[in-house]
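What follows is a single structure, written as structure tokens, with notes after it.
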Amino acid sequence: MIKRQEVSLLDQERYRLLVDAITDYAIYMLDPSGKIASWNAGAQRFKGYEAAEILGEHFSRFYTNEDRLARMPEKALETAMTNGRFEHEGLRVRKDGTTFWAHVIIDPIWDRTGHLLGFAKVTRDLTERKKAQTELRLSEEKFQLLVNGVTDYALYMLDPGGHVTNWNAGAARIKGYTAEDAIGSHFSRFYTPEDQKKGEPARNLDIARRDGRVEREGLRQRKDGTTFWAHVVIDAIRDETGQLLGYAKITRDVTEKVEAQKALAKTREELFQAQKMEAIGQLTGGIAHDFNNLLMAIMGSLEMLRKRMPDDPSLTPLLLNALQGAERGAALTQRMLAFSRRQELNMTPVDVPALVAGMMDFLERSLGSSLRIETDFRGELPKVLTDAVQLETAILNLVVNARDAMLQTLTHGGVIIISAKRHDVAEDGGKLRQGDYLRIYVRDTGEGMDPETVARAATPFFTTKGIGKGTGLGLSMVQGLTEQSGGMLSIDSVKGEGTTISLFLPTVDEEDCPNEKAASSDTSQKIGDRPLKVLAVDDDALVLMNTTMMLEDLGHQVTEAYSGPEALTALKAADNGIDLVITDHSMPRMTGAELAAEIAREWPGLPVVLATGYAELPDGSGNHLPRLPKPFSQTQLSDIISSVTGSAG
């Protein structure tokens, strides 16, 4: 329960007066001139006036005409100020004109400096004096508990059996019951049906009776059936002999606090997930970069070995198997880089219906005989800006996932539908920026996913497939591709009803895109042209040896360097005898981009190719340079040499 701020002296004096009051008393305050400043339910019941019509009126209107002519109201206030108290019995007048015999007490209220703040006035109907005397003792104890209460609390009493014996305005506001509704009923009506069945109301009273107090937070029910989150305190009230008189119950609506705590917890969880994903992305990108270097050495060496090894039926299958394994490893690193958004993308306008149509034969072969695949591309759809090869891989991943999901539940039949439609995003597009998108759907009729699985589906290395049947990087790769392309991935799934994966990709006006470069001619037609003097730079000895072997096999003369400074030294020693520099980007002391910048200053016009597996380089870090994606083949190496020098590779 929230502690109130320090109350004023006036409040302290008012509460002191309320300690001796009972519910059948008219208790109200007067200002120094005798005008009514507050009004309680007892006053309303005795005198018949609503608070709205009596506040601000002079208290003399309750006196008979005879008493007003005799200046009894003025004398009462003067006596109270002079003697410190005025007490009197006499006739008083109700709103309807009837009179009743009243016992009246008026006490002056002074502040600490002796300044008169007003008067506290207590009026009691003496027609039931004996009954009032009995209730006075109980009410003193009740109001002693309520003295520190505030209007935002439901404050009421229970008898020993748990029935409501009084009801304040806060209780009426919070719970929706009037005093007439609540008094006499059992307090268990405020609990939810579930808590009632579990015996929660009786259990709380037992604890309060045994321990003197019980404090709980939980759902409570209003009169209209709605629920709210409540903080509840129940105190056992006993007389001087220890006899249980009943219980004091204080309830506060803490729904806003609980909702704020839930929102804070959700925000913290989202922040934690974002930080975790960022950490995993950085780790994954770093691991993938190192794997690229290893695969460069393996794939390059195997490629050279295949070219130079005699055709031996007993050895060739082993070599091809090793190459296939290395290529699968390269595909895995591409997925890891796609997730970490460090994959090199070849961003071009892509016609999605045409791309899917070109994949259909392969997709159908991937499904088997029990499943079928359909497409639904209606109307003229815009092209999207992304990497066509990676989009093919993403769609294949989604189709394979859909196939596996359906094969787990279907004994026969099942359909996967690939479709697309335009999707316009306004200013409040959430994760998507304002603009035009194409939404690509991949729907299946499989087992679907529960909300917990949907929430984790795109998490790296999470998979619902059996051991050895999935890397857990498929959806992560698809998510990485969409986000790196400026879009997003969304998952809609219902357990037992199937799953729909949506890829949002930004559309592109093909007229605004530069024409694609003509494909390089076949490498075999170029070998034999003028050999080049190439400076190969890489801090990884295995990768450097592999690059040198491929270059020399293409007929070029190679100078090696293991760092940027070493490369600059080699260039000075060659005295302008180098035709081309091929350099790794991620190197200690000096990156490939920094080396390229030094070369541009000292040897302007000397072409530099940046070899890297990363897609996102800092601004000004060689983004303008020709890129050779790692791991690269001899054919890719030959093509890049041709594109930057105009000679054969």
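For the structure tokens, the naming scheme is as follows: chains receive sequential letters (A, B, ...) according to their order of presentation, residues are indexed from 1 within each chain, and ligands are indexed from 1 in presentation order.
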I'd like the neighbourhood of range 422-425 of chain A as a VMD selection string, where a residue qualifies if any of its atoms comes within 6 Å (using only C-alpha atoms), though same-chain residues fewer than 4 positions away should be ignored. chain A and resid 429 434 to 438
Output file for the selection above: C-alpha atoms, as an mmCIF file, in the first residue's frame:
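See out.cif below for the written result:
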data_model
loop_
_atom_site.group_PDB
_atom_site.id
_atom_site.type_symbol
_atom_site.label_atom_id
_atom_site.label_comp_id
_atom_site.auth_asym_id
_atom_site.auth_seq_id
_atom_site.Cartn_x
_atom_site.Cartn_y
_atom_site.Cartn_z
ATOM 1 C CA GLY A 429 4.717 0.487 -41.259
ATOM 2 C CA GLN A 434 7.386 3.568 -46.056
ATOM 3 C CA GLY A 435 7.257 2.402 -49.649
ATOM 4 C CA ASP A 436 6.128 -0.299 -52.073
ATOM 5 C CA TYR A 437 6.894 -3.956 -51.438
ATOM 6 C CA LEU A 438 6.161 -7.312 -52.972
#
List as a ChimeraX atom specification the protein and nucleic acid residues near Asp224 in chain A, meaning an atom at most 12 Å away when only C-alpha atoms are counted, but skip any in the same chain fewer than 6 places from it. /A:174-177,189-190
So the first atom is CA of Ile183 in chain A and the second is CA of Asn166 in chain A; what is the distance between them in Å, to one decimal place?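 Computing it gives 5.9 Å between the two atoms.
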Spatial neighbours of Gly42 in chain A, 10 Å, only C-alpha atoms, chain gap at least 4 places, as number ranges by chain: A: 22-28, 46-48, 122-124
